[in-house]
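Undergrad: My structure is stored as coords_2.cif, with mmCIF, C-alpha atoms and all ligand atoms.
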data_structure
#
loop_
_atom_site.group_PDB
_atom_site.id
_atom_site.type_symbol
_atom_site.label_atom_id
_atom_site.label_comp_id
_atom_site.auth_asym_id
_atom_site.auth_seq_id
_atom_site.Cartn_x
_atom_site.Cartn_y
_atom_site.Cartn_z
ATOM 1 C CA MET A 1 111.295 107.886 86.292
ATOM 2 C CA LEU A 2 111.158 106.527 89.823
ATOM 3 C CA ILE A 3 109.816 103.022 90.408
ATOM 4 C CA THR A 4 109.325 101.562 93.865
ATOM 5 C CA GLY A 5 109.759 97.791 93.785
ATOM 6 C CA GLY A 6 111.617 98.174 90.491
ATOM 7 C CA THR A 7 113.731 95.033 90.898
ATOM 8 C CA SER A 8 111.045 92.397 90.350
ATOM 9 C CA GLY A 9 107.712 91.619 88.700
ATOM 10 C CA ILE A 10 105.504 94.532 87.680
ATOM 11 C CA GLY A 11 107.993 97.197 88.802
ATOM 12 C CA LEU A 12 110.816 95.614 86.789
ATOM 13 C CA ALA A 13 108.527 95.432 83.744
ATOM 14 C CA PHE A 14 107.861 99.187 84.114
ATOM 15 C CA ALA A 15 111.616 99.788 84.422
ATOM 16 C CA LYS A 16 112.295 97.880 81.200
ATOM 17 C CA ALA A 17 109.442 99.513 79.272
ATOM 18 C CA LEU A 18 110.525 103.014 80.310
ATOM 19 C CA ALA A 19 114.216 102.268 79.702
ATOM 20 C CA ALA A 20 113.324 101.030 76.210
ATOM 21 C CA ARG A 21 111.914 104.529 75.599
ATOM 22 C CA GLY A 22 115.286 105.973 76.607
ATOM 23 C CA CYS A 23 114.200 107.195 80.051
ATOM 24 C CA SER A 24 116.692 107.327 82.910
ATOM 25 C CA LEU A 25 115.586 105.411 85.985
ATOM 26 C CA VAL A 26 115.597 105.536 89.770
ATOM 27 C CA LEU A 27 114.887 102.102 91.285
ATOM 28 C CA VAL A 28 113.786 101.657 94.899
ATOM 29 C CA ALA A 29 113.779 98.356 96.832
ATOM 30 C CA ARG A 30 115.257 96.800 99.972
ATOM 31 C CA SER A 31 117.724 94.248 98.593
ATOM 32 C CA ARG A 32 121.041 95.912 97.772
ATOM 33 C CA ASP A 33 122.193 92.904 95.713
ATOM 34 C CA ARG A 34 119.118 92.926 93.505
ATOM 35 C CA LEU A 35 119.291 96.686 93.077
ATOM 36 C CA ASP A 36 122.920 96.367 91.955
ATOM 37 C CA SER A 37 122.273 93.503 89.546
ATOM 38 C CA THR A 38 119.135 95.122 88.096
ATOM 39 C CA LYS A 39 120.989 98.405 87.558
ATOM 40 C CA HIS A 40 123.814 96.535 85.839
ATOM 41 C CA ASP A 41 121.428 94.601 83.555
ATOM 42 C CA LEU A 42 119.276 97.608 82.602
ATOM 43 C CA GLU A 43 122.244 99.869 81.900
ATOM 44 C CA ALA A 44 123.847 97.186 79.736
ATOM 45 C CA GLN A 45 120.652 96.338 77.848
ATOM 46 C CA PHE A 46 119.171 99.803 77.323
ATOM 47 C CA ARG A 47 122.155 102.196 77.624
ATOM 48 C CA VAL A 48 120.278 104.411 80.098
ATOM 49 C CA GLU A 49 121.332 105.815 83.456
ATOM 50 C CA CYS A 50 119.955 103.828 86.373
ATOM 51 C CA GLU A 51 120.168 105.245 89.899
ATOM 52 C CA ILE A 52 119.425 102.981 92.836
ATOM 53 C CA LEU A 53 117.942 103.964 96.161
ATOM 54 C CA ARG A 54 117.860 101.347 98.880
ATOM 55 C CA ALA A 55 114.836 101.968 101.106
ATOM 56 C CA ASP A 56 112.442 99.932 103.192
ATOM 57 C CA LEU A 57 109.065 101.532 102.533
ATOM 58 C CA SER A 58 107.609 100.055 105.689
ATOM 59 C CA THR A 59 109.768 102.527 107.657
ATOM 60 C CA ASP A 60 109.554 106.295 108.124
ATOM 61 C CA GLN A 61 113.215 106.624 107.123
ATOM 62 C CA GLY A 62 112.623 104.752 103.846
ATOM 63 C CA ILE A 63 109.605 106.921 103.052
ATOM 64 C CA ALA A 64 111.554 110.089 103.906
ATOM 65 C CA ASP A 65 114.462 109.084 101.625
ATOM 66 C CA VAL A 66 112.182 108.369 98.678
ATOM 67 C CA SER A 67 110.115 111.516 99.342
ATOM 68 C CA GLN A 68 113.279 113.578 99.244
ATOM 69 C CA ARG A 69 114.248 112.070 95.887
ATOM 70 C CA LEU A 70 110.730 112.678 94.502
ATOM 71 C CA GLY A 71 110.973 116.331 95.509
ATOM 72 C CA ASN A 72 114.499 116.906 94.159
ATOM 73 C CA VAL A 73 114.194 119.897 91.801
ATOM 74 C CA GLU A 74 117.713 119.438 90.380
ATOM 75 C CA SER A 75 116.840 116.036 88.968
ATOM 76 C CA PRO A 76 113.048 115.935 88.661
ATOM 77 C CA ILE A 77 111.006 112.759 88.410
ATOM 78 C CA GLU A 78 108.681 112.832 85.391
ATOM 79 C CA VAL A 79 106.985 109.441 85.935
ATOM 80 C CA PHE A 80 106.442 107.945 89.386
ATOM 81 C CA VAL A 81 105.426 104.277 89.599
ATOM 82 C CA ASN A 82 104.116 103.765 93.146
ATOM 83 C CA ASN A 83 104.321 99.983 93.066
ATOM 84 C CA ALA A 84 106.233 98.246 95.895
ATOM 85 C CA GLY A 85 104.131 95.874 97.915
ATOM 86 C CA GLN A 86 103.423 92.390 99.123
ATOM 87 C CA GLY A 87 100.533 90.051 99.865
ATOM 88 C CA LEU A 88 98.710 90.582 103.152
ATOM 89 C CA TYR A 89 96.863 87.636 104.552
ATOM 90 C CA HIS A 90 96.205 87.520 108.255
ATOM 91 C CA GLN A 91 93.333 86.602 110.502
ATOM 92 C CA LEU A 92 91.117 89.625 111.085
ATOM 93 C CA ALA A 93 89.720 88.416 114.398
ATOM 94 C CA THR A 94 92.915 88.332 116.424
ATOM 95 C CA THR A 95 94.671 89.883 119.384
ATOM 96 C CA ASP A 96 97.901 89.950 117.337
ATOM 97 C CA THR A 97 97.057 93.179 115.522
ATOM 98 C CA GLN A 98 100.582 94.405 114.696
ATOM 99 C CA PRO A 99 100.779 92.484 111.375
ATOM 100 C CA LEU A 100 97.492 94.102 110.344
ATOM 101 C CA VAL A 101 98.809 97.569 111.191
ATOM 102 C CA ASP A 102 102.159 96.925 109.450
ATOM 103 C CA GLY A 103 100.401 95.665 106.334
ATOM 104 C CA ILE A 104 98.106 98.674 106.139
ATOM 105 C CA GLU A 105 101.114 100.990 106.564
ATOM 106 C CA LEU A 106 103.047 99.481 103.646
ATOM 107 C CA MET A 107 100.125 98.908 101.294
ATOM 108 C CA ALA A 108 97.915 101.939 101.985
ATOM 109 C CA THR A 109 99.675 104.651 103.989
ATOM 110 C CA THR A 110 103.008 104.513 102.143
ATOM 111 C CA PRO A 111 101.500 104.847 98.632
ATOM 112 C CA VAL A 112 99.446 107.819 99.853
ATOM 113 C CA ARG A 113 102.469 109.546 101.437
ATOM 114 C CA LEU A 114 104.640 109.037 98.346
ATOM 115 C CA GLY A 115 101.845 109.827 95.879
ATOM 116 C CA ALA A 116 101.102 113.054 97.741
ATOM 117 C CA VAL A 117 104.738 114.189 97.656
ATOM 118 C CA ALA A 118 105.113 113.274 93.970
ATOM 119 C CA GLY A 119 101.859 115.083 93.181
ATOM 120 C CA ALA A 120 103.034 118.265 94.907
ATOM 121 C CA ALA A 121 106.427 118.229 93.133
ATOM 122 C CA MET A 122 104.878 117.577 89.708
ATOM 123 C CA LYS A 123 102.149 120.154 90.213
ATOM 124 C CA ALA A 124 104.785 122.795 90.971
ATOM 125 C CA ARG A 125 106.510 121.946 87.663
ATOM 126 C CA GLY A 126 103.242 121.707 85.723
ATOM 127 C CA HIS A 127 103.782 118.190 84.369
ATOM 128 C CA GLY A 128 104.257 114.561 85.344
ATOM 129 C CA GLN A 129 102.591 111.173 85.544
ATOM 130 C CA ILE A 130 101.802 109.108 88.629
ATOM 131 C CA ILE A 131 100.945 105.423 88.330
ATOM 132 C CA ASN A 132 99.669 103.824 91.537
ATOM 133 C CA VAL A 133 99.729 100.035 91.330
ATOM 134 C CA SER A 134 96.472 98.886 92.878
ATOM 135 C CA SER A 135 94.513 95.685 92.099
ATOM 136 C CA VAL A 136 91.137 94.261 91.105
ATOM 137 C CA ALA A 137 91.277 92.915 94.667
ATOM 138 C CA GLY A 138 90.183 96.411 95.695
ATOM 139 C CA TRP A 139 86.701 95.463 94.485
ATOM 140 C CA LEU A 140 86.760 92.148 96.399
ATOM 141 C CA ALA A 141 86.324 91.449 100.109
ATOM 142 C CA SER A 142 89.628 89.710 100.825
ATOM 143 C CA GLY A 143 90.703 91.228 104.140
ATOM 144 C CA THR A 144 93.225 94.016 104.554
ATOM 145 C CA TYR A 145 94.744 93.437 101.086
ATOM 146 C CA SER A 146 91.420 94.307 99.418
ATOM 147 C CA ALA A 147 90.882 97.200 101.793
ATOM 148 C CA ALA A 148 94.358 98.616 101.110
ATOM 149 C CA LYS A 149 93.985 98.299 97.336
ATOM 150 C CA SER A 150 90.539 99.899 97.485
ATOM 151 C CA TRP A 151 92.196 102.742 99.409
ATOM 152 C CA VAL A 152 94.896 103.115 96.722
ATOM 153 C CA THR A 153 92.330 103.185 93.897
ATOM 154 C CA VAL A 154 90.099 105.745 95.586
ATOM 155 C CA PHE A 155 93.110 107.851 96.622
ATOM 156 C CA SER A 156 94.223 107.837 92.974
ATOM 157 C CA GLU A 157 90.807 109.059 91.850
ATOM 158 C CA GLY A 158 90.898 111.845 94.431
ATOM 159 C CA LEU A 159 94.445 112.889 93.511
ATOM 160 C CA ALA A 160 93.594 112.809 89.797
ATOM 161 C CA GLY A 161 90.615 115.076 90.454
ATOM 162 C CA GLU A 162 92.657 117.477 92.564
ATOM 163 C CA LEU A 163 95.406 117.672 89.914
ATOM 164 C CA ALA A 164 93.080 117.900 86.898
ATOM 165 C CA GLY A 165 94.235 120.707 84.625
ATOM 166 C CA SER A 166 97.649 120.969 86.348
ATOM 167 C CA GLY A 167 99.483 118.957 83.691
ATOM 168 C CA VAL A 168 99.836 116.000 86.067
ATOM 169 C CA THR A 169 97.997 112.732 85.408
ATOM 170 C CA VAL A 170 97.252 110.015 87.955
ATOM 171 C CA THR A 171 96.377 106.436 87.005
ATOM 172 C CA ALA A 172 95.489 103.502 89.254
ATOM 173 C CA LEU A 173 96.597 100.246 87.637
ATOM 174 C CA CYS A 174 94.235 97.458 88.742
ATOM 175 C CA PRO A 175 95.577 94.083 87.585
ATOM 176 C CA GLY A 176 94.313 90.621 88.374
ATOM 177 C CA PHE A 177 96.787 87.753 88.760
ATOM 178 C CA VAL A 178 100.189 88.589 87.311
ATOM 179 C CA ARG A 179 103.054 86.113 87.084
ATOM 180 C CA THR A 180 105.681 87.629 89.411
ATOM 181 C CA GLU A 181 107.360 86.657 92.685
ATOM 182 C CA PHE A 182 104.387 88.061 94.620
ATOM 183 C CA HIS A 183 102.553 84.772 95.284
ATOM 184 C CA ALA A 184 105.644 82.744 96.228
ATOM 185 C CA ARG A 185 106.812 85.491 98.594
ATOM 186 C CA ALA A 186 103.404 85.560 100.298
ATOM 187 C CA LYS A 187 103.248 81.722 100.316
ATOM 188 C CA ILE A 188 100.026 81.786 98.318
ATOM 189 C CA ARG A 189 99.197 78.758 96.194
ATOM 190 C CA ASP A 190 99.068 79.847 92.579
ATOM 191 C CA ASP A 191 98.070 76.523 91.030
ATOM 192 C CA ALA A 192 94.347 76.837 91.683
ATOM 193 C CA PHE A 193 93.587 79.385 88.999
ATOM 194 C CA PRO A 194 93.301 78.688 85.264
ATOM 195 C CA ASP A 195 96.007 79.931 82.912
ATOM 196 C CA ALA A 196 93.505 82.314 81.324
ATOM 197 C CA MET A 197 93.365 84.279 84.604
ATOM 198 C CA TRP A 198 97.092 85.049 84.520
ATOM 199 C CA LEU A 199 98.638 88.154 82.978
ATOM 200 C CA ASP A 200 102.235 88.655 81.987
ATOM 201 C CA ALA A 201 103.915 91.751 83.380
ATOM 202 C CA PRO A 202 105.346 93.196 80.120
ATOM 203 C CA THR A 203 101.926 93.123 78.388
ATOM 204 C CA LEU A 204 100.251 94.550 81.482
ATOM 205 C CA VAL A 205 102.722 97.435 81.566
ATOM 206 C CA ARG A 206 102.492 98.115 77.822
ATOM 207 C CA ASP A 207 98.689 98.396 78.072
ATOM 208 C CA CYS A 208 98.901 100.499 81.240
ATOM 209 C CA LEU A 209 101.282 103.002 79.629
ATOM 210 C CA ALA A 210 98.833 103.317 76.704
ATOM 211 C CA ASP A 211 96.047 104.040 79.226
ATOM 212 C CA VAL A 212 98.252 106.635 80.937
ATOM 213 C CA GLU A 213 98.853 108.352 77.583
ATOM 214 C CA ALA A 214 95.076 108.273 76.983
ATOM 215 C CA GLY A 215 94.563 110.026 80.339
ATOM 216 C CA LYS A 216 92.687 107.131 81.978
ATOM 217 C CA VAL A 217 92.395 107.370 85.767
ATOM 218 C CA ILE A 218 91.738 103.646 86.194
ATOM 219 C CA SER A 219 93.556 101.097 84.055
ATOM 220 C CA VAL A 220 92.231 97.552 84.122
ATOM 221 C CA PRO A 221 94.174 95.129 81.936
ATOM 222 C CA SER A 222 92.722 92.485 79.572
ATOM 223 C CA VAL A 223 89.189 91.689 78.454
ATOM 224 C CA THR A 224 88.806 89.145 81.265
ATOM 225 C CA TYR A 225 89.581 91.613 84.046
ATOM 226 C CA LYS A 226 87.686 94.469 82.408
ATOM 227 C CA ALA A 227 84.598 92.219 82.421
ATOM 228 C CA LEU A 228 85.269 90.977 85.944
ATOM 229 C CA SER A 229 85.780 94.450 87.390
ATOM 230 C CA THR A 230 82.576 95.676 85.752
ATOM 231 C CA LEU A 231 80.729 92.691 87.214
ATOM 232 C CA LEU A 232 82.200 93.240 90.673
ATOM 233 C CA LYS A 233 80.880 96.796 90.712
ATOM 234 C CA VAL A 234 77.290 95.764 89.952
ATOM 235 C CA VAL A 235 76.686 92.416 91.664
ATOM 236 C CA PRO A 236 75.303 92.509 95.226
ATOM 237 C CA ARG A 237 78.107 92.666 97.786
ATOM 238 C CA ARG A 238 76.805 89.533 99.511
ATOM 239 C CA PHE A 239 77.739 87.630 96.342
ATOM 240 C CA VAL A 240 81.234 89.175 96.353
ATOM 241 C CA ARG A 241 81.609 88.330 100.070
ATOM 242 C CA SER A 242 80.578 84.744 99.502
ATOM 243 C CA GLY A 243 83.514 84.251 97.150
ATOM 244 C CA GLY A 244 81.127 83.524 94.309
ATOM 245 C CA VAL A 245 82.832 85.859 91.861
ATOM 246 C CA VAL A 246 86.467 85.123 92.540
ATOM 247 C CA THR A 247 87.830 82.418 94.783
ATOM 248 C CA ARG A 248 89.177 83.686 98.055
ATOM 249 C CA HIS A 249 92.905 83.550 98.683
ATOM 250 C CA ARG A 250 94.313 80.077 99.010
ATOM 251 C CA PRO A 251 96.126 78.729 102.044
ATOM 252 C CA PRO A 252 99.907 78.513 101.792
ATOM 253 C CA ALA A 253 101.306 75.602 99.803
ATOM 254 C CA ARG A 254 102.625 72.786 101.963
HETATM 255 N N1 LIG A 301 101.394 89.814 91.090
HETATM 256 C C1 LIG A 301 100.077 90.009 91.153
HETATM 257 O O1 LIG A 301 99.262 89.091 90.896
HETATM 258 C C2 LIG A 301 99.541 91.387 91.514
HETATM 259 C C3 LIG A 301 98.217 91.666 91.203
HETATM 260 C C4 LIG A 301 97.687 92.915 91.505
HETATM 261 C C5 LIG A 301 98.502 93.867 92.104
HETATM 262 N N2 LIG A 301 99.771 93.579 92.423
HETATM 263 C C6 LIG A 301 100.593 94.616 93.070
HETATM 264 O O2 LIG A 301 101.726 94.890 92.277
HETATM 265 C C7 LIG A 301 102.762 95.427 93.098
HETATM 266 C C8 LIG A 301 104.078 94.742 92.765
HETATM 267 O O3 LIG A 301 103.942 93.354 93.013
HETATM 268 P P1 LIG A 301 104.676 92.229 92.140
HETATM 269 O O4 LIG A 301 103.636 91.254 91.781
HETATM 270 O O5 LIG A 301 105.515 92.829 91.090
HETATM 271 O O6 LIG A 301 105.564 91.565 93.306
HETATM 272 P P2 LIG A 301 107.097 91.118 93.405
HETATM 273 O O7 LIG A 301 107.548 90.423 92.159
HETATM 274 O O8 LIG A 301 107.191 90.370 94.689
HETATM 275 O O9 LIG A 301 107.914 92.510 93.535
HETATM 276 C C9 LIG A 301 107.802 93.320 94.690
HETATM 277 C C10 LIG A 301 108.826 94.450 94.609
HETATM 278 O O10 LIG A 301 108.594 95.338 95.713
HETATM 279 C C11 LIG A 301 109.790 95.469 96.495
HETATM 280 N N3 LIG A 301 109.381 95.612 97.897
HETATM 281 C C12 LIG A 301 108.616 94.765 98.638
HETATM 282 N N4 LIG A 301 108.478 95.226 99.886
HETATM 283 C C13 LIG A 301 109.174 96.401 99.949
HETATM 284 C C14 LIG A 301 109.436 97.339 100.984
HETATM 285 N N5 LIG A 301 108.972 97.153 102.240
HETATM 286 N N6 LIG A 301 110.189 98.439 100.701
HETATM 287 C C15 LIG A 301 110.685 98.622 99.442
HETATM 288 N N7 LIG A 301 110.470 97.761 98.429
HETATM 289 C C16 LIG A 301 109.746 96.661 98.675
HETATM 290 C C17 LIG A 301 110.574 94.169 96.217
HETATM 291 O O11 LIG A 301 111.978 94.308 96.407
HETATM 292 P P3 LIG A 301 112.701 93.956 97.841
HETATM 293 O O12 LIG A 301 112.100 92.678 98.337
HETATM 294 O O13 LIG A 301 114.163 93.883 97.525
HETATM 295 O O14 LIG A 301 112.387 95.115 98.730
HETATM 296 C C18 LIG A 301 110.266 93.975 94.726
HETATM 297 O O15 LIG A 301 111.113 94.795 93.941
HETATM 298 C C19 LIG A 301 102.287 95.260 94.555
HETATM 299 O O16 LIG A 301 101.785 96.494 95.032
HETATM 300 C C20 LIG A 301 101.150 94.242 94.428
HETATM 301 O O17 LIG A 301 100.207 94.385 95.467
HETATM 302 C C21 LIG A 301 100.334 92.353 92.127
#
Would you mind giving the structure from this file in C-alpha cells?
TA:
Amino acid sequence: MLITGGTSGIGLAFAKALAARGCSLVLVARSRDRLDSTKHDLEAQFRVECEILRADLSTDQGIADVSQRLGNVESPIEVFVNNAGQGLYHQLATTDTQPLVDGIELMATTPVRLGAVAGAAMKARGHGQIINVSSVAGWLASGTYSAAKSWVTVFSEGLAGELAGSGVTVTALCPGFVRTEFHARAKIRDDAFPDAMWLDAPTLVRDCLADVEAGKVISVPSVTYKALSTLLKVVPRRFVRSGGVVTRHRPPAR
C-alpha cells in the first residue's frame, strides 16, 4: 500500500487502517523526521513493515521517485492512496501567477501523473485499488482549490471507466471538513464552522474503505455531506457562487 501524505491527517488514518489489516506500507512525504517517527510508531503498533520514501510531490524528481516505486514489479503496490496536498488560497486576479501554477501542479497535475502510473501498473497485473483524495470543494466555486479537486474527481471517474473490467478499481474520496493539520498549515480559520460539519479522519477512512470494497467510484462521507453534495449538483450555480450553500474560505486567523 502506498500513501502519499501518509504522515498526517487523512493519509495517516489510511496508513493505520491498512496496517490494522496487516498490510505493509510505503509512506511518502517531505519531512524526514515525521516519516521516521511515523514508521517507528506504525511498526511498533501494528507489527507491519513500513517503508518510507521522502519526496516533494511539487517537483518532477519527487514525482519520478514515487512513480518508479508505483511501477516496481518486484514489490507491487496493491492499494494506492493519492492523498498528499495542501490548501490553496490566492487571489485569482493577480500578476503574481506563480503560486497559482504551483498550486495547480501539486493538487491537480501530480495526482493525475501518479494515478496514471499506478493505473498502468495495476492494469498490467490485473488487480489493485486507487483512492484519489478529492473534496466536496470540487462542487464549490472556491478558486483553484475547487478547480483542482473537481479535476481530481473527474479524472477519477475517467480512470475508473477506462479500467472497468481490468480488476482495478478507482475511487474519488470527497470529504468535507476533516480535523487534520490542513487548516492550520494553510492558515485558514477553522472556528467558523459548527462541530456537526467536522469529520474525524479514522471514521472517514473506515467508510471510504467500505465504499472501495463496494466498488463505488465516488465516496462521500456522512449523511451531512451526502446531502450537501447532492444539493450542490442540483442548485443553480449562481447560488453556489454566491456562497449561499457553503461559506467561502475564511481569511487567515490573526
Ligand atoms: N482536512 C480537510 O478538511 C480536507 C477536506 C477535503 C479534502 N482534503 C484533502 O485531503 C488530503 C490530505 O489532507 P489532510 O487534511 O490530511 O492534511 P494534513 O494533515 O496537512 O496532511 C498533509 C500530508 O501531505 C504531505 N504533503 C504536503 N505537501 C506535500 C508535498 N509537496 N509532497 C509530499 N507530501 C506532501 C504532508 O507531509 P509533509 O508536510 O512532511 O510533506 C502530510 O503528510 C489533501 O489532498 C486535502 O486537499 C482535506
Undergrad: For the structure provided, state which residues fall under the PyMOL selection byres (((not hetatm)) within 6 of (chain A and resi 301)), and present them as an NGL selection string.
TA: :A and (5-11 or 29-31 or 55-58 or 83-86 or 133-135 or 175-182)
Undergrad: Quote the spacing between atom CA of A:Ser146 and atom CA of A:Pro111 in Å to one decimal place.
TA: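 Value for the atom CA of A:Ser146-atom CA of A:Pro111 distance: 14.6 Å.
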Undergrad: Pull out every residue that the PyMOL selection byres (((chain A and resi 215) around 10) and not hetatm) matches in the shown coordinates and put them as a VMD selection string.
TA: chain A and resid 129 160 168 to 171 209 to 214 216 to 219
Undergrad: So how far away is atom CA of A:Ala118 from atom CA of A:Arg69, in Å?
TA: 9.4 Å
Undergrad: Using the chain letters and numbers from the file, give me the residues hit by the PyMOL selection byres (((chain A and resi 152) around 9) and not hetatm), as a PyMOL selection string.
TA: chain A and resi 107-109+111-112+132-135+138+147-151+153-157+172
Undergrad: Rank nothing, just name the residue among A:Gly143, A:Pro202, A:Gly119, A:Pro99 nearest to A:Gly161, using all atoms listed in the file.
TA: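 For A:Gly161, the nearest of the given residues is A:Gly119.
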Undergrad: Identify which of the residues A:Val220, A:Leu159, A:Ala137, A:Ile52 lies closest to A:Arg34, counting all atoms listed in the file when measuring atom-to-atom distances.
TA: A:Ile52
Undergrad: Grab the atom CA of A:Ser229 to atom CA of A:Trp139 distance for me, in Å with one decimal place.
TA: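 So the answer is 7.2 Å.
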Undergrad: Between A:Val28, A:Arg238, A:Asp36, A:Leu163, single out the one closest to A:Gly62, counting all atoms listed in the file.
TA: A:Val28
Undergrad: Taking only C-alpha atoms into account, name the residue in A:His40, A:Thr4, A:Leu114, A:Met197 that is nearest to A:Lys226.
TA: A:Met197
Undergrad: Between A:Ala141, A:Arg185, A:Gly128, A:Cys208, which has the minimum distance to A:Leu232 (counting only C-alpha atoms)?
TA: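 With only C-alpha atoms as the atom set, the closest residue is A:Ala141.
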Undergrad: Distance cut-off 6 Å, centre (109.1, 106.9, 91.2) in file coordinates, counting all atoms listed in the file: which residues qualify? Return them as an mmCIF file with C-alpha atoms, in the frame of the given file.
TA:
data_model
loop_
_atom_site.group_PDB
_atom_site.id
_atom_site.type_symbol
_atom_site.label_atom_id
_atom_site.label_comp_id
_atom_site.auth_asym_id
_atom_site.auth_seq_id
_atom_site.Cartn_x
_atom_site.Cartn_y
_atom_site.Cartn_z
ATOM 1 C CA MET A 1 111.295 107.886 86.292
ATOM 2 C CA LEU A 2 111.158 106.527 89.823
ATOM 3 C CA ILE A 3 109.816 103.022 90.408
ATOM 4 C CA THR A 4 109.325 101.562 93.865
ATOM 5 C CA PHE A 80 106.442 107.945 89.386
ATOM 6 C CA VAL A 81 105.426 104.277 89.599
#
Undergrad: Would you mind telling me which residue in A:Leu12, A:Ala17, A:Leu100, A:Ala201 lies nearest to A:Ser37 when using all atoms listed in the file?
TA: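 Going through A:Leu12, A:Ala17, A:Leu100, A:Ala201 one by one, the smallest distance to A:Ser37 is for A:Leu12.
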Undergrad: If the box runs along x, y and z of the file and leaves 5 Å on each side of stretch 54-67 of chain A, what are its centre and edge lengths in Å, one decimal, as lines of an AutoDock Vina configuration file?
TA:
center_x = 112.7
center_y = 105.7
center_z = 103.4
size_x = 20.3
size_y = 21.6
size_z = 19.4
Undergrad: So which residues touch A:Gly126 within 9 Å, counting all atoms listed in the file, skipping near sequence neighbours fewer than 4 positions away, as a count of residues only?
TA: 5
Undergrad: Give me the residues within 7 Å of stretch 45-51 of chain A as a PDB file with C-alpha atoms, keeping the file's coordinate frame, counting all atoms listed in the file and dropping any in the same chain fewer than 3 places off.
TA:
ATOM      1  CA  ALA A  19     114.216 102.268  79.702  1.00  0.00           C
ATOM      2  CA  ALA A  20     113.324 101.030  76.210  1.00  0.00           C
ATOM      3  CA  GLY A  22     115.286 105.973  76.607  1.00  0.00           C
ATOM      4  CA  CYS A  23     114.200 107.195  80.051  1.00  0.00           C
ATOM      5  CA  SER A  24     116.692 107.327  82.910  1.00  0.00           C
ATOM      6  CA  LEU A  25     115.586 105.411  85.985  1.00  0.00           C
ATOM      7  CA  VAL A  26     115.597 105.536  89.770  1.00  0.00           C
ATOM      8  CA  LEU A  27     114.887 102.102  91.285  1.00  0.00           C
ATOM      9  CA  LYS A  39     120.989  98.405  87.558  1.00  0.00           C
ATOM     10  CA  ASP A  41     121.428  94.601  83.555  1.00  0.00           C
ATOM     11  CA  LEU A  42     119.276  97.608  82.602  1.00  0.00           C
TER      12      LEU A  42
END
